[in-house]
file model_10.cif (mmCIF, C-alpha atoms)
data_data
#
loop_
_atom_site.label_atom_id
_atom_site.label_comp_id
_atom_site.auth_asym_id
_atom_site.auth_seq_id
_atom_site.Cartn_x
_atom_site.Cartn_y
_atom_site.Cartn_z
CA MET E 1 -9.43 13.94 -33.35
CA PRO E 2 -9.90 11.24 -30.70
CA HIS E 3 -8.56 11.86 -27.22
CA PRO E 4 -5.32 9.88 -26.80
CA PHE E 5 -4.87 7.36 -24.01
CA HIS E 6 -1.91 5.99 -22.10
CA LEU E 7 -0.16 2.63 -22.40
CA GLY E 8 1.75 0.70 -19.78
CA TRP E 9 2.99 -2.86 -19.42
CA PHE E 10 2.30 -4.93 -16.32
CA LEU E 11 5.38 -7.15 -16.22
CA GLN E 12 5.43 -10.15 -13.96
CA GLY E 13 8.77 -10.09 -12.23
CA SER E 14 9.89 -13.53 -13.38
CA SER E 15 10.59 -14.38 -17.01
CA VAL E 16 11.02 -18.06 -16.16
CA GLN E 17 7.26 -18.51 -15.88
CA ALA E 18 7.29 -18.82 -19.69
CA TRP E 19 10.27 -21.17 -19.80
CA GLY E 20 8.43 -24.08 -21.40
CA GLU E 21 6.50 -22.03 -23.97
CA PRO E 22 7.37 -21.54 -27.67
CA TRP E 23 9.39 -18.49 -28.70
CA THR E 24 11.00 -18.05 -25.29
CA GLY E 25 14.50 -19.21 -26.18
CA ASN E 26 16.66 -20.47 -23.34
CA ILE E 27 14.94 -18.61 -20.51
CA GLY E 28 15.18 -21.65 -18.27
CA GLN E 29 18.98 -21.57 -18.47
CA GLU E 30 19.54 -17.83 -18.86
CA TRP E 31 17.07 -16.44 -16.35
CA MET E 32 19.75 -14.70 -14.25
CA GLN E 33 20.51 -12.18 -17.00
CA PRO E 34 17.61 -9.80 -17.75
CA ASP E 35 18.38 -9.49 -21.48
CA LEU E 36 14.73 -10.22 -22.36
CA PHE E 37 13.51 -7.43 -20.09
CA VAL E 38 16.13 -5.01 -21.38
CA ASP E 39 15.20 -5.72 -25.00
CA MET E 40 11.55 -5.39 -24.02
CA ALA E 41 12.11 -1.99 -22.37
CA ARG E 42 13.83 -0.68 -25.49
CA ALA E 43 11.01 -1.94 -27.71
CA LEU E 44 8.31 -0.41 -25.51
CA GLU E 45 10.20 2.87 -25.37
CA ARG E 46 10.32 2.86 -29.17
CA ALA E 47 6.53 2.36 -29.01
CA CYS E 48 6.28 5.32 -26.57
CA PHE E 49 4.75 3.45 -23.63
CA ASP E 50 4.37 5.55 -20.49
CA TYR E 51 5.88 2.95 -18.20
CA ILE E 52 6.64 -0.64 -17.33
CA LEU E 53 5.35 -1.81 -13.96
CA LEU E 54 7.56 -4.48 -12.37
CA GLU E 55 5.24 -6.72 -10.36
CA ASP E 56 6.80 -8.67 -7.49
CA SER E 57 6.40 -11.02 -4.55
CA SER E 58 9.16 -12.15 -2.22
CA TYR E 59 8.27 -15.73 -1.29
CA VAL E 60 7.99 -19.19 -2.79
CA GLY E 61 4.36 -20.27 -3.05
CA GLU E 62 3.04 -23.24 -1.13
CA ALA E 63 -0.64 -22.44 -0.72
CA TYR E 64 -1.73 -25.10 -3.24
CA GLY E 65 -1.77 -28.43 -1.42
CA GLY E 66 0.51 -27.06 1.28
CA SER E 67 3.56 -27.79 -0.88
CA ARG E 68 6.24 -25.86 -2.77
CA GLU E 69 6.60 -28.64 -5.34
CA ILE E 70 4.21 -27.38 -8.02
CA TYR E 71 5.62 -23.84 -7.81
CA LEU E 72 9.25 -24.90 -8.10
CA LYS E 73 8.64 -27.64 -10.68
CA ASN E 74 6.77 -25.29 -13.02
CA GLY E 75 8.63 -22.06 -12.30
CA LEU E 76 5.51 -20.29 -10.97
CA SER E 77 6.83 -16.86 -9.95
CA VAL E 78 10.13 -18.41 -8.87
CA PRO E 79 12.98 -17.69 -9.11
CA ARG E 80 12.54 -13.93 -9.29
CA GLN E 81 14.99 -11.14 -8.57
CA ASP E 82 14.71 -7.93 -6.60
CA PRO E 83 12.78 -5.50 -8.83
CA SER E 84 14.81 -2.45 -7.79
CA VAL E 85 17.92 -4.10 -9.28
CA VAL E 86 16.08 -4.98 -12.50
CA ALA E 87 14.67 -1.43 -12.67
CA THR E 88 18.17 0.01 -12.50
CA LEU E 89 19.23 -2.06 -15.51
CA LEU E 90 16.12 -1.03 -17.46
CA PHE E 91 16.78 2.62 -16.74
CA ALA E 92 20.38 2.24 -17.91
CA ALA E 93 19.19 0.81 -21.23
CA THR E 94 16.56 3.51 -21.92
CA LYS E 95 16.13 7.29 -21.90
CA ARG E 96 12.41 8.16 -21.78
CA ILE E 97 10.17 5.31 -20.59
CA GLY E 98 9.21 5.14 -16.92
CA VAL E 99 9.59 2.13 -14.63
CA CYS E 100 7.36 1.58 -11.59
CA THR E 101 9.01 -0.72 -9.07
CA THR E 102 6.92 -2.85 -6.70
CA LEU E 103 8.07 -2.71 -3.09
CA ALA E 104 5.88 -3.68 -0.14
CA THR E 105 5.35 -1.71 3.03
CA PHE E 106 5.96 -4.74 5.26
CA THR E 107 9.29 -5.58 3.61
CA HIS E 108 10.92 -2.14 3.76
CA HIS E 109 11.12 0.45 6.50
CA PRO E 110 9.86 3.82 5.20
CA TYR E 111 13.35 5.34 5.28
CA LEU E 112 14.88 2.48 3.29
CA LEU E 113 12.11 2.54 0.73
CA ALA E 114 12.20 6.33 0.36
CA ARG E 115 15.95 6.15 -0.21
CA ILE E 116 15.76 3.34 -2.80
CA ILE E 117 13.01 5.01 -4.83
CA ALA E 118 14.67 8.44 -4.60
CA SER E 119 17.89 6.88 -5.88
CA LEU E 120 16.03 5.30 -8.80
CA ASP E 121 14.45 8.65 -9.63
CA GLN E 122 17.88 10.26 -9.63
CA VAL E 123 19.71 7.72 -11.79
CA SER E 124 16.80 7.69 -14.28
CA ALA E 125 16.59 11.50 -14.49
CA GLY E 126 13.02 11.53 -13.19
CA ARG E 127 11.44 8.37 -14.62
CA ALA E 128 10.82 6.40 -11.42
CA GLY E 129 7.54 5.25 -9.97
CA TRP E 130 6.75 3.19 -6.91
CA ASN E 131 4.03 0.54 -7.14
CA MET E 132 2.89 0.77 -3.56
CA VAL E 133 1.60 -2.55 -2.16
CA THR E 134 0.73 -3.63 1.36
CA GLY E 135 1.29 -7.36 0.76
CA SER E 136 -1.15 -10.22 0.54
CA SER E 137 0.56 -13.32 1.93
CA ASP E 138 1.24 -14.47 5.46
CA MET E 139 3.99 -16.70 4.06
CA ALA E 140 5.77 -13.64 2.68
CA ALA E 141 5.36 -11.88 6.04
CA ARG E 142 7.04 -14.80 7.81
CA ASN E 143 10.11 -14.35 5.61
CA TYR E 144 10.56 -11.02 7.39
CA GLY E 145 10.09 -12.35 10.91
CA LEU E 146 6.40 -11.50 11.20
CA ASP E 147 3.69 -13.92 12.34
CA GLY E 148 1.50 -12.85 9.44
CA LEU E 149 -0.05 -9.82 7.79
CA PRO E 150 -2.58 -7.57 9.50
CA GLU E 151 -6.21 -7.77 8.41
CA HIS E 152 -6.93 -6.35 4.94
CA ASP E 153 -8.42 -2.96 5.84
CA LEU E 154 -5.97 -2.42 8.71
CA ARG E 155 -3.13 -2.81 6.20
CA TYR E 156 -4.48 0.22 4.37
CA ASP E 157 -4.80 2.21 7.60
CA MET E 158 -1.13 1.47 8.23
CA ALA E 159 -0.31 2.34 4.62
CA ASP E 160 -1.85 5.81 4.99
CA GLU E 161 0.65 6.47 7.78
CA TYR E 162 3.45 4.89 5.74
CA MET E 163 2.71 7.31 2.90
CA ALA E 164 2.81 10.26 5.27
CA CYS E 165 6.24 9.14 6.44
CA VAL E 166 7.83 8.57 3.02
CA ASN E 167 6.33 11.80 1.67
CA ALA E 168 7.87 13.69 4.59
CA LEU E 169 11.23 12.10 3.84
CA TRP E 170 11.05 12.96 0.13
CA ASP E 171 10.09 16.51 1.11
CA SER E 172 13.01 16.82 3.54
CA TRP E 173 15.02 18.42 0.73
CA GLU E 174 13.55 21.70 -0.46
CA PRO E 175 13.77 22.65 -4.15
CA GLY E 176 17.07 24.38 -4.81
CA ALA E 177 18.84 22.82 -1.82
CA ILE E 178 21.77 21.80 -4.01
CA VAL E 179 23.42 25.06 -5.07
CA ALA E 180 26.84 23.74 -6.18
CA ASP E 181 28.41 27.18 -5.62
CA ARG E 182 32.09 26.71 -6.49
CA GLU E 183 33.00 30.28 -5.73
CA GLY E 184 31.36 30.24 -2.34
CA GLY E 185 32.43 26.68 -1.61
CA VAL E 186 28.88 25.47 -0.88
CA LEU E 187 27.38 22.31 -2.37
CA VAL E 188 24.18 22.11 -0.28
CA ASP E 189 22.28 24.94 1.40
CA HIS E 190 21.86 23.41 4.85
CA THR E 191 18.86 25.64 5.62
CA LYS E 192 16.88 23.79 2.95
CA VAL E 193 17.42 20.26 4.30
CA HIS E 194 15.30 19.26 7.29
CA ALA E 195 14.76 16.46 9.77
CA VAL E 196 11.19 15.20 9.63
CA ASP E 197 10.95 13.73 13.15
CA PHE E 198 8.04 11.60 12.03
CA LYS E 199 6.47 9.47 14.73
CA GLY E 200 3.20 7.72 14.09
CA LYS E 201 1.32 4.77 15.50
CA TRP E 202 3.24 2.22 13.40
CA TYR E 203 6.19 4.01 11.77
CA ALA E 204 8.84 6.49 12.79
CA SER E 205 11.81 8.15 11.09
CA ARG E 206 13.98 11.12 11.97
CA GLY E 207 15.28 12.04 8.51
CA PRO E 208 16.35 13.82 6.41
CA LEU E 209 17.12 11.49 3.54
CA ASN E 210 20.84 11.38 2.89
CA SER E 211 20.32 10.44 -0.77
CA GLY E 212 19.29 13.94 -1.77
CA PRO E 213 16.16 15.12 -3.57
CA CYS E 214 14.07 13.26 -6.12
CA VAL E 215 14.21 14.73 -9.62
CA GLN E 216 10.40 14.75 -9.69
CA GLY E 217 10.13 16.07 -6.12
CA ARG E 218 8.35 12.86 -5.27
CA PRO E 219 8.23 9.69 -7.39
CA VAL E 220 5.05 8.73 -9.23
CA ILE E 221 2.84 6.52 -7.06
CA ALA E 222 1.21 3.52 -8.72
CA GLN E 223 -1.45 1.58 -6.85
CA ALA E 224 -4.03 -1.16 -7.32
CA GLY E 225 -7.12 -1.00 -5.16
CA GLY E 226 -10.07 -3.25 -5.88
CA SER E 227 -11.91 -3.35 -2.55
CA PRO E 228 -13.75 -0.27 -1.25
CA ARG E 229 -10.91 0.42 1.22
CA GLY E 230 -8.34 -0.17 -1.50
CA ARG E 231 -10.11 2.24 -3.83
CA GLN E 232 -10.14 4.88 -1.13
CA PHE E 233 -6.40 4.49 -0.65
CA ALA E 234 -5.73 4.58 -4.39
CA ALA E 235 -7.87 7.69 -4.80
CA THR E 236 -6.02 9.39 -1.94
CA HIS E 237 -2.45 8.57 -2.97
CA GLY E 238 -2.29 7.00 -6.43
CA GLU E 239 -1.27 8.79 -9.61
CA THR E 240 -1.67 5.80 -11.87
CA ILE E 241 -3.92 2.92 -10.87
CA VAL E 242 -3.85 -0.72 -11.97
CA ALA E 243 -7.47 -1.81 -12.45
CA ASN E 244 -9.09 -5.07 -13.52
CA PRO E 245 -12.88 -4.83 -13.33
CA LYS E 246 -14.53 -7.06 -15.92
CA GLY E 247 -16.58 -5.46 -18.70
CA ILE E 248 -17.18 -1.92 -19.97
CA ALA E 249 -19.87 -1.10 -17.41
CA SER E 250 -17.68 -2.23 -14.50
CA MET E 251 -14.67 -0.37 -15.90
CA LYS E 252 -16.66 2.83 -16.19
CA ALA E 253 -18.11 2.45 -12.69
CA TYR E 254 -14.66 1.78 -11.21
CA ARG E 255 -13.11 4.85 -12.81
CA GLU E 256 -16.02 7.10 -11.81
CA ASP E 257 -15.87 5.79 -8.24
CA VAL E 258 -12.13 6.46 -7.93
CA ARG E 259 -12.48 9.93 -9.43
CA ALA E 260 -15.35 10.78 -7.08
CA ARG E 261 -13.32 9.58 -4.08
CA ALA E 262 -10.33 11.65 -5.25
CA ALA E 263 -12.46 14.79 -5.57
CA ALA E 264 -13.89 14.18 -2.09
CA VAL E 265 -10.39 14.29 -0.56
CA GLY E 266 -9.50 17.47 -2.46
CA ARG E 267 -7.56 15.98 -5.38
CA ASP E 268 -7.98 16.79 -9.07
CA PRO E 269 -9.37 13.56 -10.58
CA ASP E 270 -7.61 14.33 -13.87
CA GLY E 271 -4.31 13.87 -12.04
CA ILE E 272 -5.08 10.14 -11.63
CA LYS E 273 -4.67 7.84 -14.62
CA VAL E 274 -6.66 4.60 -14.30
CA LEU E 275 -5.12 1.98 -16.59
CA PHE E 276 -7.09 -1.21 -17.20
CA LEU E 277 -5.42 -4.60 -17.54
CA VAL E 278 -5.84 -6.25 -20.93
CA ASN E 279 -4.39 -9.31 -22.65
CA PRO E 280 -5.12 -8.88 -26.38
CA ILE E 281 -5.13 -11.85 -28.74
CA ILE E 282 -3.46 -10.61 -31.93
CA GLY E 283 -3.81 -12.49 -35.20
CA GLU E 284 -2.78 -11.92 -38.79
CA SER E 285 -6.44 -12.34 -39.72
CA ALA E 286 -9.73 -12.70 -37.88
CA GLU E 287 -9.53 -16.45 -38.37
CA HIS E 288 -5.98 -16.62 -37.05
CA ALA E 289 -6.93 -14.57 -33.98
CA GLU E 290 -9.90 -16.86 -33.28
CA MET E 291 -7.62 -19.89 -33.56
CA ARG E 292 -5.25 -18.33 -31.02
CA ARG E 293 -8.18 -17.54 -28.72
CA LEU E 294 -9.29 -21.17 -28.78
CA GLU E 295 -5.69 -22.24 -28.16
CA ARG E 296 -5.57 -19.99 -25.11
CA ILE E 297 -8.73 -21.54 -23.70
CA ALA E 298 -7.44 -25.05 -24.39
CA ASN E 299 -4.13 -24.20 -22.77
CA ALA E 300 -5.91 -22.81 -19.74
CA ASP E 301 -7.83 -26.06 -19.38
CA ARG E 302 -4.72 -28.17 -19.96
CA LYS E 303 -2.73 -26.25 -17.35
CA ILE E 304 -5.58 -25.69 -14.94
CA VAL E 305 -3.68 -27.18 -12.00
CA GLN E 306 -0.70 -24.86 -12.49
CA ARG E 307 -2.97 -21.87 -12.96
CA LEU E 308 -5.00 -22.74 -9.88
CA ALA E 309 -1.75 -23.06 -7.95
CA HIS E 310 -0.78 -19.55 -9.02
CA PHE E 311 -4.25 -18.31 -8.05
CA SER E 312 -3.87 -20.02 -4.68
CA LYS E 313 -0.63 -18.10 -4.20
CA VAL E 314 -2.21 -14.67 -4.67
CA THR E 315 -5.39 -15.42 -2.71
CA ASN E 316 -3.94 -17.63 0.06
CA ILE E 317 -6.67 -20.19 -0.65
CA ASP E 318 -5.83 -23.86 -1.20
CA PHE E 319 -7.74 -24.66 -4.38
CA GLY E 320 -5.93 -28.01 -4.44
CA SER E 321 -8.28 -29.23 -1.71
CA MET E 322 -11.40 -28.46 -3.76
CA ASP E 323 -13.30 -30.55 -6.28
CA LEU E 324 -12.83 -29.02 -9.74
CA ASP E 325 -16.21 -30.29 -10.88
CA LYS E 326 -18.31 -28.80 -8.11
CA PRO E 327 -19.65 -25.23 -7.93
CA ILE E 328 -17.49 -22.55 -6.31
CA ASP E 329 -18.18 -21.95 -2.65
CA GLU E 330 -19.72 -18.48 -2.55
CA ASN E 331 -18.53 -18.09 1.05
CA LEU E 332 -14.83 -18.13 0.09
CA ARG E 333 -12.97 -15.23 1.68
CA THR E 334 -9.39 -14.01 1.45
CA ASN E 335 -7.00 -11.69 3.23
CA GLY E 336 -5.08 -11.55 -0.06
CA HIS E 337 -6.12 -10.20 -3.47
CA GLN E 338 -9.84 -9.67 -3.03
CA GLN E 339 -10.62 -8.38 -6.53
CA ASN E 340 -9.21 -11.53 -8.15
CA LEU E 341 -11.38 -13.77 -5.97
CA ASP E 342 -14.45 -11.62 -6.56
CA THR E 343 -13.95 -11.90 -10.33
CA LEU E 344 -13.67 -15.68 -10.14
CA LYS E 345 -16.83 -15.91 -8.03
CA ARG E 346 -18.74 -13.76 -10.52
CA LEU E 347 -17.60 -15.99 -13.38
CA GLY E 348 -18.85 -18.97 -11.36
CA ALA E 349 -22.32 -17.53 -10.84
CA GLY E 350 -25.24 -19.69 -11.87
CA GLY E 351 -23.80 -22.92 -10.59
CA LYS E 352 -20.70 -23.17 -12.81
CA THR E 353 -18.07 -25.57 -11.57
CA LEU E 354 -14.67 -24.40 -10.38
CA ARG E 355 -13.17 -25.89 -13.56
CA GLN E 356 -15.58 -23.98 -15.82
CA ALA E 357 -15.20 -20.70 -13.97
CA PHE E 358 -11.44 -20.88 -13.84
CA THR E 359 -11.14 -21.80 -17.52
CA ASP E 360 -13.19 -18.68 -18.25
CA TYR E 361 -11.00 -16.68 -15.86
CA SER E 362 -7.75 -17.89 -17.47
CA GLY E 363 -9.00 -17.46 -21.04
CA THR E 364 -10.31 -13.95 -20.54
CA GLY E 365 -8.84 -10.78 -21.97
CA LEU E 366 -8.93 -9.40 -18.41
CA SER E 367 -10.88 -6.11 -18.17
CA VAL E 368 -12.20 -6.28 -21.72
CA ASP E 369 -11.77 -8.98 -24.35
CA LEU E 370 -9.62 -7.88 -27.30
CA CYS E 371 -9.26 -10.28 -30.21
CA GLY E 372 -8.53 -9.82 -33.91
CA THR E 373 -6.07 -8.14 -36.22
CA VAL E 374 -4.14 -5.14 -34.93
CA ASP E 375 -6.56 -2.81 -36.73
CA THR E 376 -9.57 -4.57 -35.22
CA ILE E 377 -8.09 -4.46 -31.72
CA ALA E 378 -7.17 -0.78 -32.11
CA GLY E 379 -10.82 -0.10 -32.87
CA GLN E 380 -11.95 -2.18 -29.90
CA MET E 381 -9.61 -0.27 -27.59
CA ALA E 382 -10.86 3.06 -28.95
CA GLU E 383 -14.48 2.07 -28.38
CA ALA E 384 -13.74 0.87 -24.85
CA MET E 385 -11.97 4.10 -23.89
CA GLN E 386 -14.72 6.21 -25.41
CA GLU E 387 -17.34 4.42 -23.33
CA VAL E 388 -15.28 4.24 -20.15
CA GLY E 389 -14.02 7.82 -20.38
CA GLY E 390 -10.23 7.09 -20.14
CA ASP E 391 -7.40 6.79 -19.23
CA GLY E 392 -5.64 3.87 -20.91
CA PHE E 393 -4.52 0.27 -20.75
CA LEU E 394 -1.91 -1.86 -19.02
CA LEU E 395 -0.95 -4.83 -21.14
CA SER E 396 -0.51 -7.99 -19.10
CA MET E 397 0.54 -10.64 -21.57
CA GLY E 398 1.26 -13.55 -19.25
CA ASP E 399 4.03 -15.57 -20.84
CA VAL E 400 6.31 -12.87 -22.24
CA SER E 401 8.52 -13.54 -25.24
CA ARG E 402 10.23 -11.35 -27.83
CA ARG E 403 7.53 -12.41 -30.29
CA VAL E 404 4.76 -11.17 -27.99
CA VAL E 405 6.57 -7.86 -27.43
CA ALA E 406 7.10 -7.38 -31.18
CA GLU E 407 3.44 -8.05 -31.94
CA VAL E 408 2.53 -5.21 -29.60
CA ALA E 409 5.36 -2.72 -30.17
CA ASP E 410 5.64 -3.17 -33.94
CA GLY E 411 2.11 -4.26 -34.76
CA LEU E 412 -0.58 -3.03 -32.39
CA VAL E 413 0.97 0.29 -31.40
CA PRO E 414 1.46 1.55 -34.99
CA ALA E 415 -2.22 0.74 -35.61
CA LEU E 416 -3.16 2.78 -32.54
CA GLN E 417 -0.87 5.62 -33.61
CA ALA E 418 -2.44 5.69 -37.06
CA ARG E 419 -5.78 6.39 -35.38
CA GLY E 420 -4.32 9.12 -33.19
CA LEU E 421 -5.04 7.08 -30.06
CA VAL E 422 -1.56 6.97 -28.49
CA ARG E 423 1.49 9.18 -28.59
CA ARG E 424 4.11 9.05 -31.34
CA GLY E 425 6.80 10.61 -29.18
CA TYR E 426 7.50 11.73 -25.63
CA ASP E 427 6.71 15.38 -24.99
CA HIS E 428 8.43 15.49 -21.62
CA ALA E 429 11.44 14.14 -19.78
CA THR E 430 9.83 12.83 -16.59
CA LEU E 431 7.28 10.09 -15.97
CA ARG E 432 4.85 12.35 -14.14
CA GLU E 433 4.89 14.98 -16.90
CA ASN E 434 4.17 12.35 -19.55
CA LEU E 435 1.30 10.91 -17.51
CA LEU E 436 -0.21 14.37 -17.15
CA ALA E 437 0.33 15.37 -20.80
CA PHE E 438 -3.24 14.25 -21.62
#

call {"tool": "encode", "arguments": {"input": "model_10.cif", "output": "structure tokens"}}
result
Amino acid sequence: MPHPFHLGWFLQGSSVQAWGEPWTGNIGQEWMQPDLFVDMARALERACFDYILLEDSSYVGEAYGGSREIYLKNGLSVPRQDPSVVATLLFAATKRIGVCTTLATFTHHPYLLARIIASLDQVSAGRAGWNMVTGSSDMAARNYGLDGLPEHDLRYDMADEYMACVNALWDSWEPGAIVADREGGVLVDHTKVHAVDFKGKWYASRGPLNSGPCVQGRPVIAQAGGSPRGRQFAATHGETIVANPKGIASMKAYREDVRARAAAVGRDPDGIKVLFLVNPIIGESAEHAEMRRLERIANADRKIVQRLAHFSKVTNIDFGSMDLDKPIDENLRTNGHQQNLDTLKRLGAGGKTLRQAFTDYSGTGLSVDLCGTVDTIAGQMAEAMQEVGGDGFLLSMGDVSRRVVAEVADGLVPALQARGLVRRGYDHATLRENLLAF
């Protein structure tokens, strides 16, 4: 029997980004109510996904051309709601699937964040994860009264201390602290609840948390580290990692690097699940899938300005000031998402123009190209995991609609289950236990 792998869904935190696409209903008018996300969570739970990761950013883009117009006009990641609120609604609508909520270290004091995530773990009966991000935009930082974000690697140094603080707060309640002894009249054993008196270079908190203990002890930590410093952080703290290296060889090298770094800091590498981003193109036949692939490429070219604007937002680079028909400047640097920029530069190698490279970038299947019928794609996913070594995939489908969700939950997943590649049911109650089940 093949070794099973894990499935997650990388959900962009704004459904309105798909408002003008077919099969998206009245998203433009009904965006305030997360019915689409709730229906999606139920469908993915039926398909036995490990978790949904709620991606987020807390600012309106204006990196492209120095203007907010293109972002607001096209609904590019705006409006979007606080992911912790959306997560609560998803938990209320489901019983087994996990939800990893994105919250940034520069937007939340460690005590506030520890309390929010602990509360989510409690109300979900142990299904909460925190997608730990350090931020990537100076514009976002200014929304919180900061001049800008620290330099990339320094952000991770600060994040190491942040993790020490929130872990101390989650540990401030010992197991068994809540005794609920009616006869003795004691709810909480005070000897098992402790102040942490944490004081570091950047963060401080007295503690203990007043929200009580997490069901899982600590929530599951999700992380995405593409740079060497980011990988080191992910290997030190992450339990599930969002990864997007391009191609089987790069995927394998990334996973082996993270596992080696984890072992070097005394962690069991098998306790870290590296999930690779994919965007499969599903067709009713090989010909239909190829037609949809060509449509995706054509759409990427047709909407290249909007897509470049979104890319500008995540990299803090104004691609609106560049000539689309000239080669990419190899000296481009960013204090934002470095892995995204590196991927674009690799696609532009050999003198390709920005237009050509970005069309390739937008039309790609992300880590590995998946295209065909559900049975064909199931085989492609099996081959990729066998060569890479594990641990699974995060579907990132771009413009989400109920049709897209159904194609995955009711089409692709049954094909994977028939091959014994993914679970048919949840063996455990908590997110961490399900991640560690295989």

call {"tool": "resolve_selection", "arguments": {"input": "model_10.cif", "expression": "the PyMOL selection byres ((chain E and resi 383) around 12)", "output": "list in words"}}
result
Pro2, His3, Phe5, Ile248, Val368, Leu370, Thr376, Ile377, Ala378, Gly379, Gln380, Met381, Ala382, Ala384, Met385, Gln386, Glu387, Val388, Gly389, Gly390, Gly392, Arg419 and Leu421 of chain E

call {"tool": "closest_residue", "arguments": {"input": "model_10.cif", "among": "E:Pro228, E:Tyr162, E:Gln339, E:Asp360", "to": "Lys201 in chain E", "atoms": "only C-alpha atoms"}}
result
E:Tyr162

call {"tool": "atom_distance", "arguments": {"input": "model_10.cif", "atom1": "CA of Leu294 in chain E", "atom2": "CA of Ser367 in chain E"}}
result
18.5 Å

call {"tool": "closest_residue", "arguments": {"input": "model_10.cif", "among": "E:Cys214, E:Ala92, E:Leu54, E:Met158", "to": "Arg115 in chain E", "atoms": "only C-alpha atoms"}}
result
E:Cys214

call {"tool": "resolve_selection", "arguments": {"input": "model_10.cif", "expression": "the PyMOL selection byres ((chain E and resi 344-351) around 12)", "output": "VMD selection string"}}
result
chain E and resid 245 to 247 308 311 315 324 to 333 337 to 343 352 to 364 366

call {"tool": "resolve_selection", "arguments": {"input": "model_10.cif", "expression": "the PyMOL selection byres ((chain E and resi 23) around 10)", "output": "list in words"}}
result
Ala18, Trp19, Gly20, Glu21, Pro22, Thr24, Gly25, Asn26, Ile27, Asp399, Val400, Ser401, Arg402, Arg403 and Val404 of chain E

call {"tool": "closest_residue", "arguments": {"input": "model_10.cif", "among": "E:Gly320, E:Gly207, E:Gly148, E:Gly238", "to": "Asn335 in chain E", "atoms": "all atoms listed in the file"}}
result
E:Gly148
